[in-house]
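Shown here: data-v5.cif, mmCIF, C-alpha atoms.
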```cif
data_my_file
loop_
_atom_site.label_atom_id
_atom_site.label_comp_id
_atom_site.auth_asym_id
_atom_site.auth_seq_id
_atom_site.Cartn_x
_atom_site.Cartn_y
_atom_site.Cartn_z
CA MET A 1 0.67 27.70 -16.65
CA GLY A 2 -1.72 29.07 -14.06
CA ALA A 3 -4.17 26.24 -14.62
CA GLU A 4 -1.40 23.68 -14.17
CA GLY A 5 -0.25 25.37 -10.95
CA GLY A 6 -3.82 25.45 -9.67
CA ALA A 7 -4.25 21.77 -10.43
CA GLY A 8 -1.06 21.01 -8.52
CA VAL A 9 -2.16 22.99 -5.49
CA ASN A 10 -5.58 21.35 -5.66
CA ALA A 11 -3.98 17.89 -5.73
CA PHE A 12 -1.93 18.70 -2.64
CA GLU A 13 -5.05 19.96 -0.87
CA GLN A 14 -6.92 16.82 -1.86
CA ALA A 15 -4.03 14.71 -0.59
CA LEU A 16 -4.06 16.45 2.78
CA ASP A 17 -7.82 16.03 3.04
CA TRP A 18 -7.52 12.37 2.06
CA LEU A 19 -4.80 11.76 4.66
CA GLY A 20 -7.04 13.21 7.33
CA GLN A 21 -10.05 11.02 6.60
CA PRO A 22 -11.29 8.65 9.35
CA GLY A 23 -9.54 5.29 9.39
CA ARG A 24 -6.74 6.45 7.13
CA TRP A 25 -4.12 5.45 9.71
CA SER A 26 -5.76 2.20 10.76
CA TRP A 27 -3.70 -0.99 11.09
CA THR A 28 -6.74 -3.24 10.63
CA ALA A 29 -8.92 -1.58 7.96
CA PRO A 30 -8.08 -1.81 4.23
CA ALA A 31 -8.46 1.97 3.93
CA GLY A 32 -5.57 2.51 6.32
CA ILE A 33 -2.07 3.37 5.12
CA PRO A 34 -0.41 1.17 7.81
CA TYR A 35 -2.63 -1.76 6.78
CA ARG A 36 -1.69 -1.38 3.11
CA THR A 37 1.97 -0.86 4.01
CA LEU A 38 2.09 -4.18 5.86
CA GLU A 39 0.31 -5.84 2.95
CA HIS A 40 2.85 -4.29 0.56
CA LEU A 41 5.80 -5.45 2.64
CA GLY A 42 4.28 -8.90 3.14
CA PHE A 43 4.01 -9.54 -0.59
CA SER A 44 7.52 -8.21 -1.20
CA ALA A 45 9.16 -10.12 1.66
CA LEU A 46 7.42 -13.42 0.85
CA SER A 47 8.47 -13.14 -2.79
CA LEU A 48 12.06 -12.39 -1.83
CA VAL A 49 12.26 -15.37 0.54
CA ILE A 50 10.86 -17.77 -2.07
CA ALA A 51 13.16 -16.39 -4.78
CA ALA A 52 16.18 -16.67 -2.48
CA ALA A 53 15.33 -20.29 -1.68
CA LEU A 54 15.11 -21.05 -5.40
CA ALA A 55 18.10 -19.02 -6.63
CA VAL A 56 20.83 -19.03 -3.97
CA PRO A 57 21.45 -22.81 -3.54
CA PRO A 58 21.91 -23.64 -7.26
CA ALA A 59 23.96 -20.48 -7.82
CA LEU A 60 26.19 -21.41 -4.88
CA VAL A 61 26.74 -24.93 -6.16
CA LEU A 62 27.39 -23.84 -9.76
CA ALA A 63 29.81 -21.14 -8.65
CA HIS A 64 31.64 -23.53 -6.34
CA TYR A 65 32.33 -25.92 -9.21
CA ARG A 66 32.92 -23.00 -11.63
CA ARG A 67 30.08 -24.02 -13.91
CA GLY A 68 27.05 -22.16 -15.24
CA ALA A 69 28.78 -18.91 -16.20
CA PHE A 70 26.54 -18.66 -19.27
CA LEU A 71 23.48 -19.20 -17.09
CA ALA A 72 24.58 -16.42 -14.74
CA SER A 73 25.16 -13.95 -17.57
CA SER A 74 21.84 -14.94 -19.13
CA ALA A 75 20.09 -14.26 -15.82
CA VAL A 76 21.36 -10.67 -15.95
CA ASN A 77 19.99 -10.14 -19.46
CA ILE A 78 16.69 -11.81 -18.63
CA GLY A 79 16.30 -9.67 -15.52
CA ARG A 80 16.79 -6.51 -17.57
CA ALA A 81 14.46 -7.62 -20.37
CA ILE A 82 11.45 -8.85 -18.40
CA PRO A 83 8.66 -6.22 -18.33
CA SER A 84 7.15 -6.27 -14.86
CA PHE A 85 3.62 -5.35 -15.87
CA GLY A 86 3.63 -7.78 -18.79
CA LEU A 87 4.64 -10.60 -16.48
CA ILE A 88 1.85 -9.77 -14.05
CA ILE A 89 -0.73 -9.71 -16.86
CA LEU A 90 0.56 -13.04 -18.19
CA PHE A 91 0.19 -14.81 -14.84
CA TRP A 92 -3.18 -13.16 -14.26
CA TYR A 93 -4.40 -14.40 -17.64
CA LEU A 94 -3.15 -17.93 -16.97
CA ALA A 95 -4.74 -17.96 -13.50
CA SER A 96 -8.03 -16.79 -14.99
CA ARG A 97 -7.96 -19.53 -17.61
CA TRP A 98 -7.14 -22.20 -15.03
CA GLU A 99 -9.67 -20.81 -12.52
CA VAL A 100 -6.99 -20.16 -9.89
CA ASP A 101 -7.31 -17.41 -7.28
CA THR A 102 -6.30 -14.25 -9.17
CA SER A 103 -6.04 -12.09 -6.04
CA PHE A 104 -2.82 -13.72 -4.83
CA TRP A 105 -0.96 -16.14 -7.11
CA PRO A 106 -0.45 -14.07 -10.28
CA LEU A 107 1.25 -11.23 -8.44
CA LEU A 108 3.27 -13.57 -6.21
CA LEU A 109 4.56 -15.62 -9.14
CA ALA A 110 5.45 -12.48 -11.10
CA LEU A 111 7.34 -11.05 -8.13
CA VAL A 112 9.29 -14.27 -7.57
CA ALA A 113 10.24 -14.38 -11.26
CA LEU A 114 11.49 -10.79 -11.09
CA ALA A 115 13.59 -11.42 -7.97
CA LEU A 116 15.32 -14.56 -9.27
CA PRO A 117 17.86 -12.98 -11.71
CA PRO A 118 19.59 -10.52 -9.31
CA LEU A 119 19.74 -13.08 -6.50
CA PHE A 120 21.16 -15.80 -8.75
CA THR A 121 23.65 -13.49 -10.46
CA ASN A 122 24.97 -11.88 -7.28
CA THR A 123 25.34 -15.21 -5.49
CA TYR A 124 27.27 -16.61 -8.42
CA ALA A 125 29.42 -13.50 -8.78
CA GLY A 126 30.11 -13.30 -5.06
CA VAL A 127 31.44 -16.87 -4.92
CA VAL A 128 33.51 -16.86 -8.12
CA SER A 129 35.14 -13.57 -7.08
CA LEU A 130 36.81 -15.32 -4.14
CA ALA A 131 40.44 -16.32 -4.52
CA PRO A 132 40.93 -20.08 -4.94
CA GLU A 133 43.54 -20.04 -2.17
CA ALA A 134 40.80 -19.80 0.45
CA VAL A 135 39.06 -22.90 -0.90
CA ASP A 136 42.32 -24.79 -1.27
CA ALA A 137 43.23 -24.02 2.33
CA ALA A 138 39.83 -25.29 3.51
CA ARG A 139 40.29 -28.52 1.57
CA GLY A 140 43.76 -28.87 3.04
CA ILE A 141 42.42 -28.95 6.59
CA GLY A 142 39.81 -31.58 5.72
CA HIS A 143 36.64 -29.63 4.90
CA THR A 144 34.16 -31.37 2.61
CA GLU A 145 32.81 -29.60 -0.47
CA GLY A 146 29.54 -28.92 1.33
CA GLN A 147 31.33 -27.44 4.32
CA ILE A 148 33.42 -25.23 2.06
CA MET A 149 30.30 -23.87 0.38
CA LEU A 150 28.40 -23.23 3.62
CA ARG A 151 31.24 -22.20 5.96
CA ILE A 152 33.66 -20.44 3.62
CA GLU A 153 32.15 -19.33 0.33
CA LEU A 154 28.64 -18.39 1.45
CA PRO A 155 29.73 -16.18 4.39
CA LEU A 156 32.44 -14.45 2.34
CA ALA A 157 30.03 -13.85 -0.54
CA LEU A 158 27.27 -12.60 1.77
CA PRO A 159 27.88 -8.85 1.14
CA VAL A 160 27.43 -9.37 -2.60
CA ILE A 161 24.37 -11.57 -2.05
CA LEU A 162 22.79 -8.93 0.19
CA ALA A 163 23.45 -6.31 -2.48
CA GLY A 164 21.51 -8.47 -4.93
CA ALA A 165 18.73 -8.92 -2.38
CA ARG A 166 18.52 -5.15 -1.97
CA VAL A 167 18.16 -4.63 -5.73
CA ALA A 168 15.56 -7.39 -5.92
CA PHE A 169 13.56 -6.11 -2.95
CA LEU A 170 13.37 -2.54 -4.22
CA GLN A 171 12.16 -3.85 -7.55
CA LEU A 172 9.55 -5.91 -5.73
CA VAL A 173 8.34 -2.91 -3.73
CA ALA A 174 7.85 -0.97 -6.95
CA THR A 175 6.14 -3.88 -8.72
CA VAL A 176 3.66 -4.62 -5.93
CA ALA A 177 2.24 -1.13 -6.51
CA ILE A 178 1.82 -1.90 -10.22
CA GLY A 179 0.23 -5.23 -9.34
CA ALA A 180 -2.71 -3.45 -7.72
CA ILE A 181 -4.15 -3.08 -11.23
CA VAL A 182 -4.94 -6.81 -11.34
CA ASN A 183 -4.87 -7.58 -7.62
CA ASP A 184 -7.57 -6.82 -5.06
CA GLY A 185 -4.83 -6.10 -2.52
CA GLY A 186 -1.81 -4.53 -4.12
CA GLY A 187 -0.55 -2.80 -1.00
CA LEU A 188 -0.05 0.93 -1.32
CA GLY A 189 -0.65 0.71 -5.07
CA ARG A 190 -4.33 0.17 -4.25
CA PHE A 191 -4.61 3.86 -3.43
CA ILE A 192 -3.11 4.87 -6.78
CA VAL A 193 -5.44 2.59 -8.75
CA ASP A 194 -8.50 3.70 -6.78
CA GLY A 195 -7.51 7.32 -7.28
CA PHE A 196 -7.30 6.92 -11.05
CA ALA A 197 -10.74 5.29 -11.02
CA GLN A 198 -12.20 8.48 -9.50
CA GLY A 199 -10.90 10.80 -12.19
CA ALA A 200 -10.06 14.38 -11.18
CA GLY A 201 -11.49 13.80 -7.72
CA GLY A 202 -8.88 11.16 -7.02
CA TYR A 203 -5.74 13.22 -7.70
CA GLY A 204 -5.11 13.60 -3.99
CA GLU A 205 -5.31 9.86 -3.38
CA ILE A 206 -2.97 9.22 -6.34
CA LEU A 207 -0.46 11.74 -4.99
CA ALA A 208 -0.61 10.41 -1.44
CA GLY A 209 -0.34 6.81 -2.61
CA GLY A 210 2.62 7.59 -4.85
CA LEU A 211 4.43 9.42 -2.06
CA ALA A 212 3.76 6.51 0.30
CA VAL A 213 5.37 4.07 -2.16
CA ILE A 214 8.40 6.36 -2.55
CA VAL A 215 8.83 6.70 1.22
CA LEU A 216 8.52 2.94 1.67
CA ALA A 217 11.16 2.31 -1.01
CA LEU A 218 13.56 4.80 0.62
CA VAL A 219 13.05 3.21 4.04
CA CYS A 220 13.69 -0.27 2.61
CA GLU A 221 16.83 1.02 0.89
CA GLY A 222 18.08 2.32 4.23
CA VAL A 223 17.24 -0.92 6.04
CA PHE A 224 19.14 -3.01 3.50
CA ALA A 225 22.10 -0.65 3.68
CA LEU A 226 22.21 -1.27 7.43
CA LEU A 227 21.88 -5.02 6.90
CA GLU A 228 24.79 -5.01 4.48
CA ARG A 229 26.83 -3.11 7.04
CA PHE A 230 25.99 -5.02 10.19
CA ALA A 231 24.76 -8.48 9.14
CA VAL A 232 28.22 -9.56 8.03
CA PRO A 233 30.74 -9.96 10.89
CA ARG A 234 33.64 -7.55 10.58
CA GLY A 235 36.16 -10.38 10.58
CA LEU A 236 34.52 -11.97 7.55
CA THR A 237 34.41 -8.66 5.72
CA LEU A 238 38.10 -8.04 6.33
CA SER A 239 38.87 -11.63 5.38
CA ARG A 240 36.99 -11.26 2.12
CA ARG A 241 38.83 -8.06 1.27
CA ALA A 242 42.12 -9.73 1.97
CA THR A 243 41.10 -12.70 -0.15
CA LEU A 244 40.13 -10.50 -3.08
CA SER A 245 43.36 -8.52 -2.79
CA THR A 246 45.42 -11.68 -3.26
CA ARG A 247 43.83 -12.56 -6.57
CA PRO A 248 46.18 -12.23 -9.57
CA VAL A 249 45.38 -9.35 -11.90
#
```

Is it possible to give me this structure as structure tokens?
Amino acid sequence: MGAEGGAGVNAFEQALDWLGQPGRWSWTAPAGIPYRTLEHLGFSALSLVIAAALAVPPALVLAHYRRGAFLASSAVNIGRAIPSFGLIILFWYLASRWEVDTSFWPLLLALVALALPPLFTNTYAGVVSLAPEAVDAARGIGHTEGQIMLRIELPLALPVILAGARVAFLQLVATVAIGAIVNDGGGLGRFIVDGFAQGAGGYGEILAGGLAVIVLALVCEGVFALLERFAVPRGLTLSRRATLSTRPV
């Protein structure tokens, strides 16, 4: 028990020493936490944007025409079943065989694949949860199908879509750290991997890197909570609630 406690104290001391090293808070050097944080966020944000561009439009169209329910439910199961690390290794292996840059594409493709299911499922669910009366009213005043999707269904489903984006982004933040095992960048996960490579002398770097990933995830969770609250106009939120309340039980 005493040895374990001593090891814990030693790790905290190592972490403090590591945090105080020169260049540790640099925005331009790879050894800096801000530099790796921006790299971490860059990978996560780029993957989310690409996944949203691939998942939201087809989900919106399928939900509008009330088709693809099986595809939406399958996306949920696939999203739960895909092992993040296994997907990264698979793309890394394929990139190595095809002589493609392994420092960028394997991790990016794995992240996009992981973000697709929650974005597709939430977009589909957000649209089909709307009462048909809202769509019928839009058709009655002359809106085209495209206008209904973009001006009625998409804005009203936005809170649910943002909830899916939050789930996807937090998963991406966690997976980028894992991706440092096969990626020369890897964001904040680089510190964890480098710490393990040092053995007992790297416990402080592992601890500091792990805490940095946790703090980043909590900050991102808070940012998305604010987006869900303020990105959707209050009138649309109230309209959506009223629409949902009119649906037959």

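Applied to the file shown here, the PyMOL selection byres ((chain A and resi 98-107) around 9) selects Phe43, Leu87, Ile88, Ile89, Leu90, Phe91, Trp92, Tyr93, Leu94, Ala95, Ser96, Arg97, Leu108, Leu109, Ala110, Leu111, Val112, Thr175, Val176, Gly179, Ala180, Val182, Asn183, Asp184, Gly185 and Gly186 of chain A.
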
Export C-alpha atoms of the chosen residues as a compact mmCIF listing (two decimals), in the frame of the given file?
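In the end it all went to out.txt:
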```txt
# COMPACT_ATOMS: atom_id res chain seq x y z
CA PHE A 43 4.01 -9.54 -0.59
CA LEU A 87 4.64 -10.60 -16.48
CA ILE A 88 1.85 -9.77 -14.05
CA ILE A 89 -0.73 -9.71 -16.86
CA LEU A 90 0.56 -13.04 -18.19
CA PHE A 91 0.19 -14.81 -14.84
CA TRP A 92 -3.18 -13.16 -14.26
CA TYR A 93 -4.40 -14.40 -17.64
CA LEU A 94 -3.15 -17.93 -16.97
CA ALA A 95 -4.74 -17.96 -13.50
CA SER A 96 -8.03 -16.79 -14.99
CA ARG A 97 -7.96 -19.53 -17.61
CA LEU A 108 3.27 -13.57 -6.21
CA LEU A 109 4.56 -15.62 -9.14
CA ALA A 110 5.45 -12.48 -11.10
CA LEU A 111 7.34 -11.05 -8.13
CA VAL A 112 9.29 -14.27 -7.57
CA THR A 175 6.14 -3.88 -8.72
CA VAL A 176 3.66 -4.62 -5.93
CA GLY A 179 0.23 -5.23 -9.34
CA ALA A 180 -2.71 -3.45 -7.72
CA VAL A 182 -4.94 -6.81 -11.34
CA ASN A 183 -4.87 -7.58 -7.62
CA ASP A 184 -7.57 -6.82 -5.06
CA GLY A 185 -4.83 -6.10 -2.52
CA GLY A 186 -1.81 -4.53 -4.12
```

Worksheet item: In Å, how far is it from CA of Leu16 in chain A to CA of Ile192 in chain A?
Response: 15.0 Å

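Using all atoms listed in the file, the shortest contact distance between Pro132 in chain A and any of A:Arg166, A:Ala63, A:Leu188, A:Ala200 is found at A:Ala63.
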
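Residues captured in this structure file are Val56, Ala59, Ala72, Pro117, Pro118, Leu119, Phe120, Thr121, Thr123, Tyr124, Ala125, Gly126, Val127, Ala157, Val160, Ile161, Leu162, Ala163, Gly164 and Ala165 of chain A, according to the PyMOL selection byres ((chain A and resi 122) around 9).
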
Worksheet item: Taking (8.0, -6.2, -3.2) in the file's coordinates as the center, which residues reach within 8 Å of it, counting only C-alpha atoms, put as a ChimeraX atom specification?
Response: /A:40-45,47-48,111,169-176

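Selection by the PyMOL selection byres ((chain A and resi 202) around 12) on the present file picks out Asn10, Ala11, Phe12, Glu13, Gln14, Ala15, Asp17, Trp18, Phe191, Ile192, Val193, Asp194, Gly195, Phe196, Ala197, Gln198, Gly199, Ala200, Gly201, Tyr203, Gly204, Glu205, Ile206, Leu207, Ala208 and Gly209 of chain A.
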
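Between CA of Met149 in chain A and CA of Ala134 in chain A lies a distance of 11.3 Å.
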
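As for CA of Val49 in chain A and CA of Leu62 in chain A, they are spaced 20.2 Å apart.
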
Starting from the sparse input, extend range 95-112 of chain A to N, CA and C atoms and give the output as a PDB file, in the coordinates of the input.
```pdb
ATOM      1  N   ALA A  95      -3.934 -17.613 -14.673  1.00  0.00           N
ATOM      2  CA  ALA A  95      -4.740 -17.960 -13.500  1.00  0.00           C
ATOM      3  C   ALA A  95      -6.227 -17.883 -13.810  1.00  0.00           C
ATOM      4  N   SER A  96      -6.621 -16.909 -14.612  1.00  0.00           N
ATOM      5  CA  SER A  96      -8.030 -16.790 -14.990  1.00  0.00           C
ATOM      6  C   SER A  96      -8.479 -17.964 -15.830  1.00  0.00           C
ATOM      7  N   ARG A  97      -7.622 -18.401 -16.758  1.00  0.00           N
ATOM      8  CA  ARG A  97      -7.960 -19.530 -17.610  1.00  0.00           C
ATOM      9  C   ARG A  97      -8.055 -20.822 -16.819  1.00  0.00           C
ATOM     10  N   TRP A  98      -7.178 -20.966 -15.809  1.00  0.00           N
ATOM     11  CA  TRP A  98      -7.140 -22.200 -15.030  1.00  0.00           C
ATOM     12  C   TRP A  98      -8.011 -22.121 -13.773  1.00  0.00           C
ATOM     13  N   GLU A  99      -8.755 -21.020 -13.652  1.00  0.00           N
ATOM     14  CA  GLU A  99      -9.670 -20.810 -12.520  1.00  0.00           C
ATOM     15  C   GLU A  99      -8.945 -20.898 -11.180  1.00  0.00           C
ATOM     16  N   VAL A 100      -7.765 -20.262 -11.127  1.00  0.00           N
ATOM     17  CA  VAL A 100      -6.990 -20.160  -9.890  1.00  0.00           C
ATOM     18  C   VAL A 100      -7.239 -18.785  -9.281  1.00  0.00           C
ATOM     19  N   ASP A 101      -7.102 -18.679  -7.983  1.00  0.00           N
ATOM     20  CA  ASP A 101      -7.310 -17.410  -7.280  1.00  0.00           C
ATOM     21  C   ASP A 101      -6.431 -16.315  -7.896  1.00  0.00           C
ATOM     22  N   THR A 102      -7.049 -15.318  -8.510  1.00  0.00           N
ATOM     23  CA  THR A 102      -6.300 -14.250  -9.170  1.00  0.00           C
ATOM     24  C   THR A 102      -5.914 -13.117  -8.227  1.00  0.00           C
ATOM     25  N   SER A 103      -6.354 -13.167  -6.974  1.00  0.00           N
ATOM     26  CA  SER A 103      -6.040 -12.090  -6.040  1.00  0.00           C
ATOM     27  C   SER A 103      -4.703 -12.286  -5.337  1.00  0.00           C
ATOM     28  N   PHE A 104      -4.060 -13.453  -5.551  1.00  0.00           N
ATOM     29  CA  PHE A 104      -2.820 -13.720  -4.830  1.00  0.00           C
ATOM     30  C   PHE A 104      -1.721 -14.286  -5.720  1.00  0.00           C
ATOM     31  N   TRP A 105      -2.003 -15.404  -6.403  1.00  0.00           N
ATOM     32  CA  TRP A 105      -0.960 -16.140  -7.110  1.00  0.00           C
ATOM     33  C   TRP A 105      -0.344 -15.414  -8.296  1.00  0.00           C
ATOM     34  N   PRO A 106      -1.094 -14.737  -9.147  1.00  0.00           N
ATOM     35  CA  PRO A 106      -0.450 -14.070 -10.280  1.00  0.00           C
ATOM     36  C   PRO A 106       0.615 -13.062  -9.865  1.00  0.00           C
ATOM     37  N   LEU A 107       0.283 -12.228  -8.886  1.00  0.00           N
ATOM     38  CA  LEU A 107       1.250 -11.230  -8.440  1.00  0.00           C
ATOM     39  C   LEU A 107       2.431 -11.890  -7.749  1.00  0.00           C
ATOM     40  N   LEU A 108       2.177 -12.897  -6.910  1.00  0.00           N
ATOM     41  CA  LEU A 108       3.270 -13.570  -6.210  1.00  0.00           C
ATOM     42  C   LEU A 108       4.232 -14.222  -7.186  1.00  0.00           C
ATOM     43  N   LEU A 109       3.705 -14.942  -8.173  1.00  0.00           N
ATOM     44  CA  LEU A 109       4.560 -15.620  -9.140  1.00  0.00           C
ATOM     45  C   LEU A 109       5.369 -14.614  -9.968  1.00  0.00           C
ATOM     46  N   ALA A 110       4.742 -13.513 -10.345  1.00  0.00           N
ATOM     47  CA  ALA A 110       5.450 -12.480 -11.100  1.00  0.00           C
ATOM     48  C   ALA A 110       6.577 -11.877 -10.271  1.00  0.00           C
ATOM     49  N   LEU A 111       6.322 -11.633  -9.000  1.00  0.00           N
ATOM     50  CA  LEU A 111       7.340 -11.050  -8.130  1.00  0.00           C
ATOM     51  C   LEU A 111       8.508 -12.010  -7.934  1.00  0.00           C
ATOM     52  N   VAL A 112       8.216 -13.284  -7.733  1.00  0.00           N
ATOM     53  CA  VAL A 112       9.290 -14.270  -7.570  1.00  0.00           C
ATOM     54  C   VAL A 112      10.148 -14.326  -8.830  1.00  0.00           C
TER      55      VAL A 112
END
```
